[in-house]
Amino acid sequence: MQRLRWLLLLIVVLVIGASFVLAKLPLQLGLDLRGGAQLTIEVQPTEEITQIDNDSLVAVKTVIENRVNALGVSEPLVQTAGEDKVVVQLPGVTDPGQAERILGGTAQLEFQQQRPGTEGEFQAEYSIKRQLDAELENLRRSGASPENSDRLQQLLTEREQSNQALLGLFEPMGLTGKNLTDARPSPNQSGTAWEVSLRFDEEGGKKFAELTQAVAGTGRSLGVFLDNDLISAPVVGVEFANTGITGGAAVITGNFTIDTANDLAVQLRGGSLPFPVEVVENRTVGATLGQESIRRSLVAGFVGLALVLIFMAIYYRLPGIVADVSLVIYAVLTLAAFALVGVTLTLPGIAGFILSIGMAVDANVLIFERTREELRGGNTLYRSVESGFFRAFSSILDSNVTTLIACAALFWFGSGLVKGFALTLAIGVMVSLFTALTCSRTLLLVIVLGLPKVRQNPKLFCPNLSVPAKS
């Protein structure tokens with residue numbers, strides 16, 4: 001009984017925690033629910049490079065994400081599609097033409113020299129920019145709200161002003177992304193930190209040597225600009241003051257982790273791509289349609305859930321009422337998991353959530369039917385409940401594992417809305433396993449062991465019981 005009390009306390013804590021998460025982290029709504037624009041961008045090969053590989057596509061995706069962030073869109077979705085396309089969903093965007101103008105075109109990567117006499121001004125402006133970047137990131141993670149939207153636009157304006165101020169402190173040297181052949185994260189010689197390795201073509205190697213010679217040992221920075229946005233500002237050691245960094249290869253060192261080093265490398269590779277991109281589809285979804293979809297989905301979900309709760313209570317009596325409580329707990333925990341994982345809720349996602357409710361009910365049905373069989377066999381109520389859960393476990397596990405395998409296949413091979421359906425269904429199935437095998441079992445056993453009148457009345461579990469249960 002002591003163990004059951006601890007499990008009951010765990011369930012209460014989880015429900016309280018899930019309620020707190022839902023209160024603090026609003027669910028993210030997808031394009032089909034909020035309305036907005038969806039653009040499909042095709043990466044086009046050139047005469048020199050006729051094949052778009054996966055690294056190139058991921059790099060293009062990163063550049064487009066940076067441009068989307070400059071739009072100030074809340075909760076955008078940027079993902080690759082097929083071998084040469086990137087799909088961009090912009091919830092709440094009312095001017096898809098503006099998005100197309102900003103997202104189209106090839107990224108511009110430039111390596112520039114900091115102007116002499118600007119050291120103090122650069123440090124001040126660069127510090128402001130990093131503070132603005134950090135606040136923007138925190139604001140985007142906190143979710144959309146009217147207050148956040150106003151502050152987001154203000155921060156974007158201030159960041160653009162800071163970018164322009166920083167751009168004025170540097171001068172071009174003719175070294176651009178077309179001269180960069182590769183950029184990769186790599187461990188340093190001691191293996192204790194990460195750095196970013198660069199490699200240039202022959203022309204770029206000569207220009208890079210001149211650029212690094214000009215700033216070596218001066219305290220001034222080598223500015224790396226992507227679409228006029230300063231993404232890195234390394235300094236060059238005094239040992240390169242005579243010749244610069246020669247050989248067409250270099251490393252950028254700093255307090256990099258593997259993730260931050262890889263992020264910078266991807267940005268550099270994206271800026272070095274000579275591929276043109278073209279918007280091949282620009283589709284707009286009206287906000288009115290999205291609101292109507294939400295209303296209908298909520299009505300369908302509540303009606304379906306209510307019918308299930310009523311059926312379980314009438315047909316299974318006391319266990320059915322316990323199952324209803326478990327289903328409510330299941331719904332709260334699942335929605336909290338959606339918020340924590342950052343699931344963007346779409347219509348297929350809502351369908352996956354509602355379907356997972358059916359899976360949760362199915363597990364309880366198997367358990368209660370096995371419990372009734374044990375009661376009809378003459379077992380005590382406590383033993384029947386325990387045996388019901390134990391004997392139904394293998395069937396429940398098998399059915400849920402097969403569903404999770406199907407979800408994994410849909411998520412791996414699908415894209416867009418299909419992935420959303422697979423993710424919400426998979427989360428729902430895993431939470432339903434917990435609620436059916438832990439919540440329902442704990443609540444039933446606490447009632448059976450804690451209430452003698454219930455323990456002495458097995459007909460609360462099996463109304464048509466004809467064989468007397470053992471005392």
# chains A, B, ... in the order shown; residues from 1 in each chain; ligands from 1
$ residues_around --residues "Asp263 (chain A)" --least-positions-apart "4" --cutoff "9 Å" --atoms "only C-alpha atoms" --output "MDAnalysis selection string"
chainID A and resid 62 185 258:259 267:268
$ write_last_selection --atoms "C-alpha atoms" --output "tab-separated table (two decimals), in the first residue's frame"
chain	number	residue	atom	x	y	z
A	62	THR	CA	20.35	27.48	-42.84
A	185	PRO	CA	34.02	21.84	-37.59
A	258	ILE	CA	30.65	20.99	-31.47
A	259	ASP	CA	27.21	22.53	-32.00
A	267	GLN	CA	26.50	29.30	-42.30
A	268	LEU	CA	29.83	29.68	-44.11
$ residues_around --residues "Ser395 (chain A)" --least-positions-apart "2" --cutoff "12 Å" --atoms "only C-alpha atoms" --output "ChimeraX atom specification"
/A:362-367,370,388-393,397-402,433
$ write_last_selection --atoms "all heavy atoms" --output "short mmCIF file (atom, residue, chain, number, x, y, z; two decimals), in the first residue's frame"
data_model
loop_
_atom_site.label_atom_id
_atom_site.label_comp_id
_atom_site.auth_asym_id
_atom_site.auth_seq_id
_atom_site.Cartn_x
_atom_site.Cartn_y
_atom_site.Cartn_z
N ASP A 362 -8.36 1.80 -25.71
CA ASP A 362 -8.21 0.39 -26.09
C ASP A 362 -7.43 -0.38 -25.03
O ASP A 362 -7.77 -1.52 -24.70
CB ASP A 362 -7.50 0.32 -27.45
CG ASP A 362 -7.30 -1.11 -27.91
OD1 ASP A 362 -8.32 -1.80 -28.10
OD2 ASP A 362 -6.15 -1.53 -28.08
N ALA A 363 -6.38 0.23 -24.47
CA ALA A 363 -5.60 -0.44 -23.44
C ALA A 363 -6.45 -0.70 -22.20
O ALA A 363 -6.40 -1.80 -21.62
CB ALA A 363 -4.38 0.42 -23.08
N ASN A 364 -7.25 0.27 -21.80
CA ASN A 364 -8.12 0.08 -20.62
C ASN A 364 -9.17 -1.00 -20.88
O ASN A 364 -9.50 -1.78 -19.99
CB ASN A 364 -8.81 1.40 -20.26
CG ASN A 364 -7.88 2.35 -19.53
OD1 ASN A 364 -7.60 2.21 -18.35
ND2 ASN A 364 -7.39 3.34 -20.25
N VAL A 365 -9.72 -1.05 -22.08
CA VAL A 365 -10.71 -2.07 -22.42
C VAL A 365 -10.11 -3.47 -22.27
O VAL A 365 -10.73 -4.38 -21.69
CB VAL A 365 -11.24 -1.85 -23.85
CG1 VAL A 365 -12.04 -3.07 -24.32
CG2 VAL A 365 -12.11 -0.61 -23.91
N LEU A 366 -8.90 -3.67 -22.78
CA LEU A 366 -8.24 -4.97 -22.66
C LEU A 366 -8.05 -5.35 -21.18
O LEU A 366 -8.30 -6.50 -20.78
CB LEU A 366 -6.88 -4.94 -23.36
CG LEU A 366 -6.89 -4.92 -24.89
CD1 LEU A 366 -5.48 -4.72 -25.43
CD2 LEU A 366 -7.47 -6.21 -25.44
N ILE A 367 -7.61 -4.39 -20.38
CA ILE A 367 -7.37 -4.65 -18.95
C ILE A 367 -8.67 -5.02 -18.24
O ILE A 367 -8.73 -5.99 -17.48
CB ILE A 367 -6.71 -3.42 -18.30
CG1 ILE A 367 -5.30 -3.22 -18.86
CG2 ILE A 367 -6.66 -3.58 -16.78
CD1 ILE A 367 -4.70 -1.87 -18.53
N ARG A 370 -10.03 -8.48 -19.15
CA ARG A 370 -9.27 -9.54 -18.48
C ARG A 370 -9.63 -9.60 -17.00
O ARG A 370 -9.72 -10.69 -16.41
CB ARG A 370 -7.77 -9.26 -18.63
CG ARG A 370 -7.24 -9.36 -20.03
CD ARG A 370 -7.35 -10.73 -20.63
NE ARG A 370 -6.70 -11.74 -19.82
CZ ARG A 370 -6.54 -13.01 -20.20
NH1 ARG A 370 -6.96 -13.38 -21.40
NH2 ARG A 370 -5.97 -13.90 -19.40
N GLY A 388 -5.63 -8.90 -14.24
CA GLY A 388 -6.11 -8.23 -15.44
C GLY A 388 -5.03 -7.37 -16.06
O GLY A 388 -4.80 -7.40 -17.27
N PHE A 389 -4.33 -6.61 -15.23
CA PHE A 389 -3.24 -5.78 -15.74
C PHE A 389 -2.08 -6.63 -16.24
O PHE A 389 -1.50 -6.36 -17.29
CB PHE A 389 -2.76 -4.80 -14.65
CG PHE A 389 -3.61 -3.59 -14.51
CD1 PHE A 389 -4.70 -3.58 -13.64
CD2 PHE A 389 -3.35 -2.45 -15.24
CE1 PHE A 389 -5.50 -2.46 -13.51
CE2 PHE A 389 -4.13 -1.32 -15.12
CZ PHE A 389 -5.23 -1.33 -14.25
N PHE A 390 -1.73 -7.68 -15.47
CA PHE A 390 -0.59 -8.50 -15.84
C PHE A 390 -0.83 -9.25 -17.15
O PHE A 390 0.03 -9.28 -18.03
CB PHE A 390 -0.30 -9.50 -14.70
CG PHE A 390 0.81 -10.46 -15.02
CD1 PHE A 390 2.14 -10.04 -14.95
CD2 PHE A 390 0.54 -11.77 -15.39
CE1 PHE A 390 3.17 -10.91 -15.26
CE2 PHE A 390 1.57 -12.63 -15.70
CZ PHE A 390 2.89 -12.21 -15.63
N ARG A 391 -2.03 -9.86 -17.30
CA ARG A 391 -2.29 -10.66 -18.49
C ARG A 391 -2.55 -9.82 -19.74
O ARG A 391 -2.33 -10.28 -20.86
CB ARG A 391 -3.50 -11.57 -18.23
CG ARG A 391 -3.25 -12.62 -17.17
CD ARG A 391 -4.48 -13.47 -16.93
NE ARG A 391 -4.26 -14.44 -15.87
CZ ARG A 391 -3.65 -15.63 -16.04
NH1 ARG A 391 -3.23 -15.97 -17.25
NH2 ARG A 391 -3.49 -16.45 -15.04
N ALA A 392 -3.01 -8.58 -19.55
CA ALA A 392 -3.26 -7.72 -20.72
C ALA A 392 -2.01 -6.97 -21.17
O ALA A 392 -1.99 -6.41 -22.27
CB ALA A 392 -4.36 -6.70 -20.38
N PHE A 393 -0.97 -7.01 -20.32
CA PHE A 393 0.21 -6.20 -20.62
C PHE A 393 0.85 -6.56 -21.97
O PHE A 393 1.20 -5.67 -22.76
CB PHE A 393 1.25 -6.36 -19.50
CG PHE A 393 2.55 -5.65 -19.78
CD1 PHE A 393 2.63 -4.26 -19.66
CD2 PHE A 393 3.67 -6.34 -20.19
CE1 PHE A 393 3.82 -3.60 -19.93
CE2 PHE A 393 4.85 -5.69 -20.47
CZ PHE A 393 4.92 -4.31 -20.33
N LEU A 397 1.33 -3.98 -25.01
CA LEU A 397 2.68 -3.64 -25.45
C LEU A 397 2.85 -3.92 -26.94
O LEU A 397 3.39 -3.10 -27.68
CB LEU A 397 3.71 -4.42 -24.64
CG LEU A 397 5.18 -4.07 -24.91
CD1 LEU A 397 5.46 -2.62 -24.56
CD2 LEU A 397 6.11 -5.01 -24.13
N ASP A 398 2.37 -5.09 -27.38
CA ASP A 398 2.52 -5.45 -28.79
C ASP A 398 1.81 -4.45 -29.70
O ASP A 398 2.37 -4.00 -30.71
CB ASP A 398 1.96 -6.86 -29.04
CG ASP A 398 2.83 -7.95 -28.43
OD1 ASP A 398 3.97 -7.63 -28.06
OD2 ASP A 398 2.36 -9.09 -28.31
N SER A 399 0.57 -4.09 -29.36
CA SER A 399 -0.19 -3.19 -30.22
C SER A 399 0.43 -1.79 -30.26
O SER A 399 0.49 -1.15 -31.31
CB SER A 399 -1.64 -3.09 -29.73
OG SER A 399 -1.71 -2.52 -28.44
N ASN A 400 0.95 -1.33 -29.11
CA ASN A 400 1.55 0.00 -29.07
C ASN A 400 2.90 0.03 -29.76
O ASN A 400 3.24 1.02 -30.43
CB ASN A 400 1.69 0.48 -27.62
CG ASN A 400 0.38 0.97 -27.04
OD1 ASN A 400 -0.01 2.11 -27.24
ND2 ASN A 400 -0.32 0.10 -26.32
N VAL A 401 3.68 -1.02 -29.64
CA VAL A 401 4.98 -1.07 -30.32
C VAL A 401 4.79 -1.07 -31.83
O VAL A 401 5.51 -0.37 -32.56
CB VAL A 401 5.79 -2.31 -29.87
CG1 VAL A 401 6.98 -2.53 -30.80
CG2 VAL A 401 6.28 -2.13 -28.44
N THR A 402 3.81 -1.83 -32.34
CA THR A 402 3.57 -1.82 -33.78
C THR A 402 3.12 -0.44 -34.26
O THR A 402 3.51 0.01 -35.35
CB THR A 402 2.52 -2.87 -34.16
OG1 THR A 402 1.33 -2.66 -33.36
CG2 THR A 402 3.03 -4.28 -33.90
N LEU A 433 0.50 4.51 -22.72
CA LEU A 433 1.05 3.34 -22.02
C LEU A 433 1.23 3.64 -20.54
O LEU A 433 0.89 2.81 -19.68
CB LEU A 433 2.40 2.96 -22.64
CG LEU A 433 2.40 1.92 -23.75
CD1 LEU A 433 3.79 1.77 -24.34
CD2 LEU A 433 1.91 0.58 -23.23
#
$ atom_distance --atom1 "CA of Val12 (chain A)" --atom2 "CA of Phe368 (chain A)"
23.2 Å
$ closest_residue --among "A:Val385, A:Thr243, A:Leu175, A:Thr260" --to "Leu222 (chain A)" --atoms "only C-alpha atoms"
A:Leu175
$ closest_residue --among "A:Val63, A:Ala216, A:Leu57, A:Ala37" --to "Pro91 (chain A)" --atoms "only C-alpha atoms"
A:Ala37
$ residues_around --residues "Phe311 (chain A)" --least-positions-apart "4" --cutoff "12 Å" --atoms "only C-alpha atoms" --output "PyMOL selection string"
chain A and resi 304-307+315-317+319-321+323-324+361+365
$ write_last_selection --atoms "N, CA and C atoms" --output "PDB file, in the first residue's frame"
ATOM      1  N   GLY A 304     -16.050  13.685 -29.220  1.00  0.00           N
ATOM      2  CA  GLY A 304     -15.536  12.315 -29.214  1.00  0.00           C
ATOM      3  C   GLY A 304     -15.087  11.885 -27.839  1.00  0.00           C
ATOM      4  N   LEU A 305     -14.371  12.770 -27.134  1.00  0.00           N
ATOM      5  CA  LEU A 305     -13.896  12.441 -25.789  1.00  0.00           C
ATOM      6  C   LEU A 305     -15.065  12.257 -24.828  1.00  0.00           C
ATOM      7  N   ALA A 306     -16.077  13.118 -24.928  1.00  0.00           N
ATOM      8  CA  ALA A 306     -17.235  13.000 -24.043  1.00  0.00           C
ATOM      9  C   ALA A 306     -17.968  11.681 -24.261  1.00  0.00           C
ATOM     10  N   LEU A 307     -18.157  11.279 -25.517  1.00  0.00           N
ATOM     11  CA  LEU A 307     -18.838  10.014 -25.812  1.00  0.00           C
ATOM     12  C   LEU A 307     -18.050   8.828 -25.264  1.00  0.00           C
ATOM     13  N   TYR A 315     -20.596   1.245 -19.284  1.00  0.00           N
ATOM     14  CA  TYR A 315     -20.356  -0.166 -19.578  1.00  0.00           C
ATOM     15  C   TYR A 315     -19.456  -0.830 -18.545  1.00  0.00           C
ATOM     16  N   TYR A 316     -18.428  -0.123 -18.050  1.00  0.00           N
ATOM     17  CA  TYR A 316     -17.475  -0.741 -17.140  1.00  0.00           C
ATOM     18  C   TYR A 316     -17.638  -0.295 -15.694  1.00  0.00           C
ATOM     19  N   ARG A 317     -18.627   0.546 -15.424  1.00  0.00           N
ATOM     20  CA  ARG A 317     -18.955   0.956 -14.059  1.00  0.00           C
ATOM     21  C   ARG A 317     -17.757   1.629 -13.363  1.00  0.00           C
ATOM     22  N   PRO A 319     -14.528   0.712 -12.785  1.00  0.00           N
ATOM     23  CA  PRO A 319     -13.286   0.800 -13.575  1.00  0.00           C
ATOM     24  C   PRO A 319     -13.395   1.808 -14.723  1.00  0.00           C
ATOM     25  N   GLY A 320     -14.589   1.930 -15.309  1.00  0.00           N
ATOM     26  CA  GLY A 320     -14.785   2.897 -16.388  1.00  0.00           C
ATOM     27  C   GLY A 320     -14.606   4.317 -15.915  1.00  0.00           C
ATOM     28  N   ILE A 321     -15.098   4.615 -14.687  1.00  0.00           N
ATOM     29  CA  ILE A 321     -14.919   5.963 -14.125  1.00  0.00           C
ATOM     30  C   ILE A 321     -13.437   6.218 -13.858  1.00  0.00           C
ATOM     31  N   ALA A 323     -11.000   4.843 -15.490  1.00  0.00           N
ATOM     32  CA  ALA A 323     -10.404   5.033 -16.817  1.00  0.00           C
ATOM     33  C   ALA A 323     -10.660   6.449 -17.325  1.00  0.00           C
ATOM     34  N   ASP A 324     -11.840   7.001 -17.030  1.00  0.00           N
ATOM     35  CA  ASP A 324     -12.136   8.371 -17.442  1.00  0.00           C
ATOM     36  C   ASP A 324     -11.169   9.363 -16.783  1.00  0.00           C
ATOM     37  N   VAL A 361      -7.859   4.331 -24.691  1.00  0.00           N
ATOM     38  CA  VAL A 361      -9.085   3.628 -24.292  1.00  0.00           C
ATOM     39  C   VAL A 361      -8.950   2.137 -24.569  1.00  0.00           C
ATOM     40  N   VAL A 365      -9.717  -1.051 -22.079  1.00  0.00           N
ATOM     41  CA  VAL A 365     -10.708  -2.071 -22.420  1.00  0.00           C
ATOM     42  C   VAL A 365     -10.112  -3.465 -22.271  1.00  0.00           C
TER      43      VAL A 365
END
$ closest_residue --among "A:Leu309, A:Val43, A:Val78, A:Ile396" --to "Ser56 (chain A)" --atoms "only C-alpha atoms"
A:Val43
$ residues_around --residues "Gly301 (chain A)" --least-positions-apart "6" --cutoff "10 Å" --atoms "only C-alpha atoms" --output "ChimeraX atom specification"
/A:295,350-351,353-355,357
$ residues_around --residues "Ile11 (chain A)" --least-positions-apart "6" --cutoff "12 Å" --atoms "only C-alpha atoms" --output "JSON, numbers by chain"
{"A": [4, 5, 17, 18, 325, 326, 329, 330, 332, 333, 434, 435, 438, 439, 440, 441, 442, 443]}
$ residues_around --residues "Asn255 (chain A)" --least-positions-apart "2" --cutoff "12 Å" --atoms "only C-alpha atoms" --output "compact mmCIF listing (two decimals) with N, CA and C atoms, in the first residue's frame"
# COMPACT_ATOMS: atom_id res chain seq x y z
N PRO A 187 38.10 19.20 -34.21
CA PRO A 187 38.72 19.39 -32.88
C PRO A 187 40.08 20.05 -33.01
N ASN A 188 40.46 20.82 -32.00
CA ASN A 188 41.78 21.45 -32.05
C ASN A 188 42.87 20.41 -31.77
N THR A 192 40.70 19.37 -26.89
CA THR A 192 39.92 19.87 -25.76
C THR A 192 38.83 20.85 -26.17
N ALA A 193 38.85 21.31 -27.41
CA ALA A 193 37.86 22.28 -27.87
C ALA A 193 37.66 22.09 -29.37
N TRP A 194 36.74 22.88 -29.91
CA TRP A 194 36.42 22.78 -31.33
C TRP A 194 36.76 24.08 -32.04
N GLU A 195 37.05 23.96 -33.33
CA GLU A 195 37.34 25.12 -34.18
C GLU A 195 36.70 24.89 -35.54
N VAL A 196 36.73 25.92 -36.37
CA VAL A 196 36.14 25.82 -37.70
C VAL A 196 37.25 25.92 -38.74
N PRO A 234 36.75 37.11 -36.10
CA PRO A 234 38.01 36.62 -35.52
C PRO A 234 39.13 37.64 -35.67
N ILE A 252 39.28 29.03 -37.55
CA ILE A 252 38.71 30.04 -36.64
C ILE A 252 38.60 29.39 -35.28
N THR A 253 39.30 29.92 -34.29
CA THR A 253 39.26 29.36 -32.94
C THR A 253 38.41 30.24 -32.04
N THR A 257 31.70 24.96 -29.01
CA THR A 257 31.32 23.58 -28.78
C THR A 257 31.14 22.94 -30.15
N ILE A 258 30.88 21.64 -30.18
CA ILE A 258 30.65 20.99 -31.47
C ILE A 258 29.45 21.60 -32.17
N ASP A 259 28.43 21.98 -31.40
CA ASP A 259 27.21 22.53 -32.00
C ASP A 259 27.45 23.93 -32.56
N THR A 260 28.10 24.80 -31.78
CA THR A 260 28.32 26.17 -32.27
C THR A 260 29.32 26.19 -33.42
N ALA A 261 30.32 25.31 -33.38
CA ALA A 261 31.27 25.22 -34.49
C ALA A 261 30.57 24.74 -35.76
$ closest_residue --among "A:Arg269, A:Arg159, A:Lys419, A:Lys129" --to "Asp182 (chain A)" --atoms "only C-alpha atoms"
A:Arg269
$ residues_around --residues "region 198-202 of chain A" --least-positions-apart "6" --cutoff "7 Å" --atoms "only C-alpha atoms" --output "ChimeraX atom specification"
/A:179-184,248-251
$ write_last_selection --atoms "N, CA and C atoms" --output "PDB file, in the first residue's frame"
ATOM      1  N   ASN A 179      34.877  32.121 -53.337  1.00  0.00           N
ATOM      2  CA  ASN A 179      36.258  31.675 -53.157  1.00  0.00           C
ATOM      3  C   ASN A 179      36.410  30.618 -52.067  1.00  0.00           C
ATOM      4  N   LEU A 180      35.348  30.388 -51.293  1.00  0.00           N
ATOM      5  CA  LEU A 180      35.409  29.417 -50.194  1.00  0.00           C
ATOM      6  C   LEU A 180      34.965  28.050 -50.704  1.00  0.00           C
ATOM      7  N   THR A 181      35.840  27.058 -50.601  1.00  0.00           N
ATOM      8  CA  THR A 181      35.506  25.721 -51.107  1.00  0.00           C
ATOM      9  C   THR A 181      34.958  24.802 -50.030  1.00  0.00           C
ATOM     10  N   ASP A 182      35.295  25.056 -48.752  1.00  0.00           N
ATOM     11  CA  ASP A 182      34.784  24.184 -47.703  1.00  0.00           C
ATOM     12  C   ASP A 182      34.929  24.850 -46.343  1.00  0.00           C
ATOM     13  N   ALA A 183      34.044  24.465 -45.422  1.00  0.00           N
ATOM     14  CA  ALA A 183      34.110  24.907 -44.028  1.00  0.00           C
ATOM     15  C   ALA A 183      33.563  23.780 -43.171  1.00  0.00           C
ATOM     16  N   ARG A 184      34.363  23.298 -42.205  1.00  0.00           N
ATOM     17  CA  ARG A 184      33.974  22.142 -41.391  1.00  0.00           C
ATOM     18  C   ARG A 184      34.381  22.355 -39.937  1.00  0.00           C
ATOM     19  N   GLY A 248      45.944  28.855 -48.429  1.00  0.00           N
ATOM     20  CA  GLY A 248      44.535  28.676 -48.759  1.00  0.00           C
ATOM     21  C   GLY A 248      43.724  27.958 -47.699  1.00  0.00           C
ATOM     22  N   ALA A 249      44.270  27.778 -46.499  1.00  0.00           N
ATOM     23  CA  ALA A 249      43.551  27.098 -45.413  1.00  0.00           C
ATOM     24  C   ALA A 249      43.753  27.880 -44.131  1.00  0.00           C
ATOM     25  N   ALA A 250      42.744  27.836 -43.249  1.00  0.00           N
ATOM     26  CA  ALA A 250      42.831  28.546 -41.971  1.00  0.00           C
ATOM     27  C   ALA A 250      41.849  27.927 -40.999  1.00  0.00           C
ATOM     28  N   VAL A 251      41.970  28.293 -39.736  1.00  0.00           N
ATOM     29  CA  VAL A 251      41.011  27.849 -38.722  1.00  0.00           C
ATOM     30  C   VAL A 251      40.549  29.065 -37.931  1.00  0.00           C
TER      31      VAL A 251
END
$ select_by_dssp --residues "region 154-233 of chain A" --states "strand (DSSP E or B)" --output "number ranges by chain"
A: 170-176, 180-187, 194-200, 221-226, 229-232
$ write_last_selection --atoms "N, CA and C atoms" --output "mmCIF file, in the first residue's frame"
data_model
loop_
_atom_site.group_PDB
_atom_site.id
_atom_site.type_symbol
_atom_site.label_atom_id
_atom_site.label_comp_id
_atom_site.auth_asym_id
_atom_site.auth_seq_id
_atom_site.Cartn_x
_atom_site.Cartn_y
_atom_site.Cartn_z
ATOM 1 N N PHE A 170 33.800 48.277 -41.546
ATOM 2 C CA PHE A 170 34.617 47.350 -42.329
ATOM 3 C C PHE A 170 34.655 47.804 -43.782
ATOM 4 N N GLU A 171 35.641 47.305 -44.499
ATOM 5 C CA GLU A 171 35.746 47.599 -45.916
ATOM 6 C C GLU A 171 35.979 46.304 -46.694
ATOM 7 N N PRO A 172 35.314 46.135 -47.852
ATOM 8 C CA PRO A 172 35.470 44.916 -48.642
ATOM 9 C C PRO A 172 36.881 44.772 -49.187
ATOM 10 N N MET A 173 37.302 43.514 -49.353
ATOM 11 C CA MET A 173 38.629 43.219 -49.906
ATOM 12 C C MET A 173 38.538 42.314 -51.143
ATOM 13 N N GLY A 174 37.322 42.110 -51.659
ATOM 14 C CA GLY A 174 37.150 41.284 -52.842
ATOM 15 C C GLY A 174 37.136 39.798 -52.571
ATOM 16 N N LEU A 175 37.113 39.385 -51.282
ATOM 17 C CA LEU A 175 37.081 37.963 -50.922
ATOM 18 C C LEU A 175 35.642 37.593 -50.562
ATOM 19 N N THR A 176 35.007 36.762 -51.392
ATOM 20 C CA THR A 176 33.591 36.437 -51.208
ATOM 21 C C THR A 176 33.384 34.932 -51.080
ATOM 22 N N LEU A 180 35.348 30.388 -51.293
ATOM 23 C CA LEU A 180 35.409 29.417 -50.194
ATOM 24 C C LEU A 180 34.965 28.050 -50.704
ATOM 25 N N THR A 181 35.840 27.058 -50.601
ATOM 26 C CA THR A 181 35.506 25.721 -51.107
ATOM 27 C C THR A 181 34.958 24.802 -50.030
ATOM 28 N N ASP A 182 35.295 25.056 -48.752
ATOM 29 C CA ASP A 182 34.784 24.184 -47.703
ATOM 30 C C ASP A 182 34.929 24.850 -46.343
ATOM 31 N N ALA A 183 34.044 24.465 -45.422
ATOM 32 C CA ALA A 183 34.110 24.907 -44.028
ATOM 33 C C ALA A 183 33.563 23.780 -43.171
ATOM 34 N N ARG A 184 34.363 23.298 -42.205
ATOM 35 C CA ARG A 184 33.974 22.142 -41.391
ATOM 36 C C ARG A 184 34.381 22.355 -39.937
ATOM 37 N N PRO A 185 33.574 21.838 -38.989
ATOM 38 C CA PRO A 185 34.016 21.842 -37.590
ATOM 39 C C PRO A 185 35.075 20.761 -37.398
ATOM 40 N N SER A 186 36.060 21.034 -36.549
ATOM 41 C CA SER A 186 37.098 20.043 -36.283
ATOM 42 C C SER A 186 37.645 20.267 -34.879
ATOM 43 N N PRO A 187 38.104 19.204 -34.210
ATOM 44 C CA PRO A 187 38.716 19.387 -32.884
ATOM 45 C C PRO A 187 40.080 20.046 -33.015
ATOM 46 N N TRP A 194 36.738 22.883 -29.906
ATOM 47 C CA TRP A 194 36.417 22.780 -31.326
ATOM 48 C C TRP A 194 36.763 24.080 -32.039
ATOM 49 N N GLU A 195 37.055 23.965 -33.328
ATOM 50 C CA GLU A 195 37.342 25.117 -34.175
ATOM 51 C C GLU A 195 36.702 24.888 -35.541
ATOM 52 N N VAL A 196 36.730 25.917 -36.369
ATOM 53 C CA VAL A 196 36.137 25.822 -37.702
ATOM 54 C C VAL A 196 37.253 25.918 -38.736
ATOM 55 N N SER A 197 37.392 24.872 -39.553
ATOM 56 C CA SER A 197 38.431 24.842 -40.582
ATOM 57 C C SER A 197 37.893 25.395 -41.893
ATOM 58 N N LEU A 198 38.668 26.294 -42.530
ATOM 59 C CA LEU A 198 38.275 26.904 -43.798
ATOM 60 C C LEU A 198 39.254 26.493 -44.895
ATOM 61 N N ARG A 199 38.751 26.396 -46.109
ATOM 62 C CA ARG A 199 39.618 26.138 -47.263
ATOM 63 C C ARG A 199 39.134 26.978 -48.440
ATOM 64 N N PHE A 200 40.083 27.682 -49.079
ATOM 65 C CA PHE A 200 39.768 28.566 -50.199
ATOM 66 C C PHE A 200 40.347 28.002 -51.498
ATOM 67 N N SER A 221 39.612 43.281 -36.374
ATOM 68 C CA SER A 221 38.998 41.997 -36.697
ATOM 69 C C SER A 221 38.923 41.751 -38.197
ATOM 70 N N LEU A 222 38.809 40.487 -38.526
ATOM 71 C CA LEU A 222 38.461 40.056 -39.870
ATOM 72 C C LEU A 222 36.961 39.777 -39.848
ATOM 73 N N GLY A 223 36.175 40.592 -40.505
ATOM 74 C CA GLY A 223 34.720 40.467 -40.435
ATOM 75 C C GLY A 223 34.183 39.477 -41.453
ATOM 76 N N VAL A 224 33.374 38.529 -40.971
ATOM 77 C CA VAL A 224 32.711 37.564 -41.854
ATOM 78 C C VAL A 224 31.237 37.947 -41.913
ATOM 79 N N PHE A 225 30.787 38.414 -43.090
ATOM 80 C CA PHE A 225 29.427 38.908 -43.251
ATOM 81 C C PHE A 225 28.623 37.967 -44.154
ATOM 82 N N LEU A 226 27.438 37.599 -43.695
ATOM 83 C CA LEU A 226 26.513 36.802 -44.503
ATOM 84 C C LEU A 226 25.248 37.630 -44.704
ATOM 85 N N ASP A 229 25.185 40.605 -42.624
ATOM 86 C CA ASP A 229 25.022 40.354 -41.197
ATOM 87 C C ASP A 229 26.328 39.777 -40.665
ATOM 88 N N LEU A 230 26.947 40.433 -39.676
ATOM 89 C CA LEU A 230 28.222 39.975 -39.126
ATOM 90 C C LEU A 230 27.996 38.693 -38.322
ATOM 91 N N ILE A 231 28.534 37.563 -38.826
ATOM 92 C CA ILE A 231 28.334 36.282 -38.144
ATOM 93 C C ILE A 231 29.576 35.843 -37.380
ATOM 94 N N SER A 232 30.732 36.434 -37.662
ATOM 95 C CA SER A 232 31.945 36.104 -36.917
ATOM 96 C C SER A 232 32.949 37.238 -37.105
#
$ atom_distance --atom1 "CA of Arg383 (chain A)" --atom2 "CA of Val431 (chain A)"
25.9 Å
$ atom_distance --atom1 "CA of Ser19 (chain A)" --atom2 "CA of Phe302 (chain A)"
18.5 Å
